[in-house]
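Chemist: Next comes run_6.pdb, PDB, C-alpha atoms:
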```
MODEL        1
ATOM      1  CA  MET A 257       8.356   4.231 -15.051
ATOM      2  CA  ARG A 258       7.139   6.129 -12.042
ATOM      3  CA  ARG A 259       4.364   4.754  -9.896
ATOM      4  CA  ALA A 260       3.007   7.799  -8.138
ATOM      5  CA  ALA A 261      -0.507   7.252  -9.438
ATOM      6  CA  VAL A 262      -0.840   3.666  -8.220
ATOM      7  CA  VAL A 263      -1.340   4.662  -4.585
ATOM      8  CA  LEU A 264      -4.036   7.202  -5.368
ATOM      9  CA  LEU A 265      -5.818   4.910  -7.822
ATOM     10  CA  GLY A 266      -5.772   2.026  -5.356
ATOM     11  CA  TRP A 267      -6.982   4.170  -2.473
ATOM     12  CA  GLY A 268      -9.713   5.741  -4.605
ATOM     13  CA  ALA A 269     -10.898   2.304  -5.734
ATOM     14  CA  TRP A 270     -11.005   1.101  -2.115
ATOM     15  CA  LEU A 271     -13.039   4.143  -1.068
ATOM     16  CA  ALA A 272     -15.414   3.522  -3.973
ATOM     17  CA  VAL A 273     -15.895  -0.082  -2.813
ATOM     18  CA  LEU A 274     -16.651   1.139   0.705
ATOM     19  CA  THR A 275     -19.154   3.657  -0.662
ATOM     20  CA  ALA A 276     -20.876   0.931  -2.666
ATOM     21  CA  ALA A 277     -21.018  -1.268   0.428
ATOM     22  CA  GLN A 278     -22.672   1.539   2.381
ATOM     23  CA  LEU A 279     -25.223   2.044  -0.372
ATOM     24  CA  ALA A 280     -26.004  -1.670  -0.501
ATOM     25  CA  PHE A 281     -26.857  -1.869   3.205
ATOM     26  CA  ALA A 282     -28.693   1.455   3.503
ATOM     27  CA  PRO A 283     -32.245   0.113   2.903
ATOM     28  CA  VAL A 284     -31.798  -2.585   5.564
ATOM     29  CA  ARG A 285     -31.390  -0.180   8.467
ATOM     30  CA  PRO A 286     -34.339   1.501  10.130
ATOM     31  CA  ARG A 287     -34.708   5.230   9.583
ATOM     32  CA  SER A 288     -33.532   6.144  13.089
ATOM     33  CA  VAL A 289     -30.098   4.496  12.748
ATOM     34  CA  GLY A 290     -29.659   4.848   8.993
ATOM     35  CA  LEU A 291     -26.859   6.738   7.322
ATOM     36  CA  HIS A 292     -27.340  10.306   6.269
ATOM     37  CA  PRO A 293     -26.737  11.326   2.648
ATOM     38  CA  ILE A 294     -23.737  13.445   3.673
ATOM     39  CA  GLU A 295     -21.888  10.261   4.631
ATOM     40  CA  TYR A 296     -22.318   8.829   1.138
ATOM     41  CA  GLU A 297     -21.393  12.119  -0.450
ATOM     42  CA  LEU A 298     -18.221  12.587   1.605
ATOM     43  CA  LEU A 299     -16.903   9.071   1.038
ATOM     44  CA  GLY A 300     -17.926   9.033  -2.615
ATOM     45  CA  GLY A 301     -16.432  12.480  -3.131
ATOM     46  CA  ALA A 302     -13.144  11.413  -1.572
ATOM     47  CA  ALA A 303     -13.117   8.345  -3.835
ATOM     48  CA  ALA A 304     -13.769  10.469  -6.908
ATOM     49  CA  ALA A 305     -11.090  13.004  -5.932
ATOM     50  CA  CYS A 306      -8.497  10.271  -5.400
ATOM     51  CA  LEU A 307      -9.367   8.550  -8.681
ATOM     52  CA  LEU A 308      -9.275  11.783 -10.689
ATOM     53  CA  THR A 309      -5.983  12.877  -9.138
ATOM     54  CA  GLY A 310      -4.525   9.415  -9.745
ATOM     55  CA  LEU A 311      -5.597   9.489 -13.389
ATOM     56  CA  GLY A 312      -4.032  12.921 -13.791
ATOM     57  CA  LEU A 313      -0.745  11.725 -12.309
ATOM     58  CA  TRP A 314      -0.828   8.641 -14.507
ATOM     59  CA  ARG A 315      -1.181  10.825 -17.623
ATOM     60  CA  LEU A 316       1.745  12.980 -16.475
ATOM     61  CA  ASP A 317       3.862   9.869 -15.897
ATOM     62  CA  LEU A 318       3.037   8.579 -19.371
ATOM     63  CA  ARG A 319       4.206  11.861 -20.891
ATOM     64  CA  ARG A 320       7.493  11.640 -18.993
ATOM     65  CA  ALA A 321       8.130   8.034 -20.030
ATOM     66  CA  ALA A 322      11.747   8.536 -21.071
ATOM     67  CA  VAL A 323      14.206   5.699 -21.263
ATOM     68  CA  GLU A 324      15.954   5.464 -17.914
ATOM     69  CA  ARG A 325      18.914   3.390 -16.911
ATOM     70  CA  PRO A 326      18.411   0.810 -14.159
ATOM     71  CA  ARG A 327      18.452   2.251 -10.680
ATOM     72  CA  ALA A 328      17.878   1.015  -7.180
ATOM     73  CA  LEU A 329      14.637   2.056  -5.508
ATOM     74  CA  PRO A 330      15.281   1.841  -1.775
ATOM     75  CA  ASP A 331      12.045   3.687  -0.969
ATOM     76  CA  GLN A 332       9.881   0.834  -2.307
ATOM     77  CA  SER A 333      10.906  -2.074  -0.129
ATOM     78  CA  LEU A 334       8.478  -4.905   0.498
ATOM     79  CA  ALA A 335      11.122  -6.535   2.673
ATOM     80  CA  ALA A 336      11.185  -3.568   5.071
ATOM     81  CA  ALA A 337       7.408  -3.723   5.439
ATOM     82  CA  THR A 338       7.619  -7.491   6.028
ATOM     83  CA  LEU A 339      10.269  -6.961   8.693
ATOM     84  CA  ALA A 340       8.125  -4.352  10.446
ATOM     85  CA  ALA A 341       5.027  -6.571  10.286
ATOM     86  CA  GLY A 342       7.004  -9.471  11.736
ATOM     87  CA  LEU A 343       8.243  -7.348  14.621
ATOM     88  CA  ALA A 344       4.690  -6.153  15.284
ATOM     89  CA  LEU A 345       3.435  -9.749  15.308
ATOM     90  CA  ALA A 346       6.191 -10.765  17.713
ATOM     91  CA  LEU A 347       5.296  -7.890  20.053
ATOM     92  CA  LEU A 348       1.612  -8.804  19.892
ATOM     93  CA  GLY A 349       2.633 -12.295  20.883
ATOM     94  CA  ALA A 350       3.380 -11.005  24.360
ATOM     95  CA  GLY A 351      -0.357 -10.799  24.895
ATOM     96  CA  PHE A 352      -1.564 -13.684  22.770
ATOM     97  CA  GLY A 353       1.003 -16.377  23.440
ATOM     98  CA  LEU A 354       4.157 -18.069  22.263
ATOM     99  CA  TRP A 355       2.626 -19.210  18.981
ATOM    100  CA  LEU A 356       2.290 -15.614  17.755
ATOM    101  CA  ILE A 357       5.813 -14.755  18.909
ATOM    102  CA  LEU A 358       7.112 -17.648  16.784
ATOM    103  CA  VAL A 359       5.043 -16.610  13.765
ATOM    104  CA  GLY A 360       6.351 -13.053  14.165
ATOM    105  CA  ALA A 361       9.922 -14.338  14.413
ATOM    106  CA  GLY A 362       9.452 -16.260  11.166
ATOM    107  CA  VAL A 363       8.012 -13.265   9.333
ATOM    108  CA  THR A 364      10.832 -11.103  10.725
ATOM    109  CA  ALA A 365      13.390 -13.585   9.392
ATOM    110  CA  LEU A 366      11.757 -13.432   5.952
ATOM    111  CA  GLY A 367      11.914  -9.629   6.020
ATOM    112  CA  ALA A 368      15.567  -9.641   7.110
ATOM    113  CA  GLY A 369      16.414 -12.065   4.304
ATOM    114  CA  GLY A 370      14.628  -9.806   1.838
ATOM    115  CA  LEU A 371      16.594  -6.781   3.041
ATOM    116  CA  LEU A 372      19.814  -8.723   2.586
ATOM    117  CA  ARG A 373      18.782  -9.667  -0.949
ATOM    118  CA  GLU A 374      17.920  -6.038  -1.739
ATOM    119  CA  ALA A 375      21.299  -4.836  -0.424
ATOM    120  CA  ARG A 376      23.121  -7.340  -2.620
ATOM    121  CA  ALA A 377      21.055  -6.323  -5.662
ATOM    122  CA  ARG A 378      21.766  -2.641  -4.952
ATOM    123  CA  ARG A 379      25.512  -3.363  -4.829
ATOM    124  CA  ARG A 380      25.297  -5.300  -8.092
ATOM    125  CA  THR A 381      23.383  -2.436  -9.771
ATOM    126  CA  ARG A 382      26.026   0.086  -8.677
ATOM    127  CA  ARG A 383      28.783  -2.162 -10.012
ATOM    128  CA  LEU A 384      27.050  -2.371 -13.414
ATOM    129  CA  GLY A 385      26.836   1.413 -13.697
ATOM    130  CA  GLY A 386      23.302   2.153 -12.485
ATOM    131  CA  ALA A 387      22.392   5.039 -10.246
ATOM    132  CA  PRO A 388      22.264   4.298  -6.479
TER
ENDMDL
END
```
Now, as a test, write the supplied structure out as structure tokens.
Modeler:
Amino acid sequence: MRRAAVVLLGWGAWLAVLTAAQLAFAPVRPRSVGLHPIEYELLGGAAAACLLTGLGLWRLDLRRAAVERPRALPDQSLAAATLAAGLALALLGAGFGLWLILVGAGVTALGAGGLLREARARRRTRRLGGAP
């Protein structure tokens, strides 16, 4: 199963939530600092475009739902994102103190452990005959 549509559907839903939040607070502001209708239209239009494109991709993915053998997906690594977030936290700790450096080091260790686990799983998948 391919997951190309998930990103667009998620982003479109988030933009729709932001549009709804803007609409909810519009009557509270005085006329001089209120939002103009173009701001609602642009954000709502971007949300609709993302949702429609995501739905179209989802339909295409459903049509292509052929049986595939197991394969490693190195481009979808939560561990790599965790490692990067941990390094960013550790670097931010230079300005905010030792406590944040230690939190960043812990998150970095979790990400490194996840990358190690993914590498071992990738090797095991190759040994069992899956695509790299």
Chemist: So that I can check the surroundings of Ala361 in chain A, please list as a count of residues only every protein, DNA and RNA residue that reaches within 7 Å of it, counting all atoms listed in the file and ignoring chain neighbours fewer than 4 positions away.
Modeler: 4
Chemist: Kindly give the distance, in Å, that separates CA of Phe352 in chain A and CA of Thr364 in chain A, rounded to a single decimal.
Modeler: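 Distance reported for this atom pair: 17.5 Å.
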Chemist: Quick one: everything within 12 Å of Ala337 in chain A, counting only C-alpha atoms, minus sequence neighbours fewer than 6 positions away in the same chain. Send it as a ChimeraX atom specification.
Modeler: /A:331,343-344,363-364,366-368,370-371
Chemist: Calculated over all atoms listed in the file, which of the candidates A:Leu271, A:Leu264, A:Ala350, A:Ala341 has the smallest distance to Gly310 in chain A?
Modeler: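 Answer, going by the shortest atom-to-atom distance: A:Leu264.
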Chemist: Could you tell me, as a list in words, exactly which residues end up selected when the PyMOL selection byres ((chain A and resi 303) around 12) is applied to this structure?
Modeler: Leu264, Leu265, Gly266, Trp267, Gly268, Ala269, Trp270, Leu271, Ala272, Val273, Leu274, Thr275, Ala276, Tyr296, Glu297, Leu298, Leu299, Gly300, Gly301, Ala302, Ala304, Ala305, Cys306, Leu307, Leu308, Thr309 and Gly310 of chain A
Chemist: Go ahead and write the selection's residues with C-alpha atoms as an mmCIF file, in the frame of the given file.
Modeler:
```cif
data_model
loop_
_atom_site.group_PDB
_atom_site.id
_atom_site.type_symbol
_atom_site.label_atom_id
_atom_site.label_comp_id
_atom_site.auth_asym_id
_atom_site.auth_seq_id
_atom_site.Cartn_x
_atom_site.Cartn_y
_atom_site.Cartn_z
ATOM 1 C CA LEU A 264 -4.036 7.202 -5.368
ATOM 2 C CA LEU A 265 -5.818 4.910 -7.822
ATOM 3 C CA GLY A 266 -5.772 2.026 -5.356
ATOM 4 C CA TRP A 267 -6.982 4.170 -2.473
ATOM 5 C CA GLY A 268 -9.713 5.741 -4.605
ATOM 6 C CA ALA A 269 -10.898 2.304 -5.734
ATOM 7 C CA TRP A 270 -11.005 1.101 -2.115
ATOM 8 C CA LEU A 271 -13.039 4.143 -1.068
ATOM 9 C CA ALA A 272 -15.414 3.522 -3.973
ATOM 10 C CA VAL A 273 -15.895 -0.082 -2.813
ATOM 11 C CA LEU A 274 -16.651 1.139 0.705
ATOM 12 C CA THR A 275 -19.154 3.657 -0.662
ATOM 13 C CA ALA A 276 -20.876 0.931 -2.666
ATOM 14 C CA TYR A 296 -22.318 8.829 1.138
ATOM 15 C CA GLU A 297 -21.393 12.119 -0.450
ATOM 16 C CA LEU A 298 -18.221 12.587 1.605
ATOM 17 C CA LEU A 299 -16.903 9.071 1.038
ATOM 18 C CA GLY A 300 -17.926 9.033 -2.615
ATOM 19 C CA GLY A 301 -16.432 12.480 -3.131
ATOM 20 C CA ALA A 302 -13.144 11.413 -1.572
ATOM 21 C CA ALA A 304 -13.769 10.469 -6.908
ATOM 22 C CA ALA A 305 -11.090 13.004 -5.932
ATOM 23 C CA CYS A 306 -8.497 10.271 -5.400
ATOM 24 C CA LEU A 307 -9.367 8.550 -8.681
ATOM 25 C CA LEU A 308 -9.275 11.783 -10.689
ATOM 26 C CA THR A 309 -5.983 12.877 -9.138
ATOM 27 C CA GLY A 310 -4.525 9.415 -9.745
#
```
Chemist: From the list A:Ile294, A:Arg315, A:Val359, A:Ala336, which residue is nearest Leu372 in chain A when using all atoms listed in the file?
Modeler: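 Closest to Leu372 in chain A, using all atoms listed in the file: A:Ala336.
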Chemist: To one decimal in Å, tell me the separation between CA of Leu313 in chain A and CA of Ala261 in chain A.
Modeler: 5.3 Å
Chemist: Report, in Å to a single decimal, how far apart CA of Ala377 in chain A and CA of Arg259 in chain A are.
Modeler: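 Distance reported for this atom pair: 20.5 Å.
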Chemist: Considering all atoms listed in the file, can you say which of A:Leu345, A:Ala335, A:Gly353, A:Ala340 comes closest to Ala375 in chain A?
Modeler: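 Among A:Leu345, A:Ala335, A:Gly353, A:Ala340, it is A:Ala335 that comes nearest to Ala375 in chain A.
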Chemist: Extending 5 Å beyond the listed atoms of range 297-301 of chain A on each side, what axis-aligned box results? I want centre and edge lengths in Å to one decimal, as JSON.
Modeler:
```
{"center_x": -18.9, "center_y": 10.8, "center_z": -0.8, "size_x": 15.0, "size_y": 13.6, "size_z": 14.7}
```
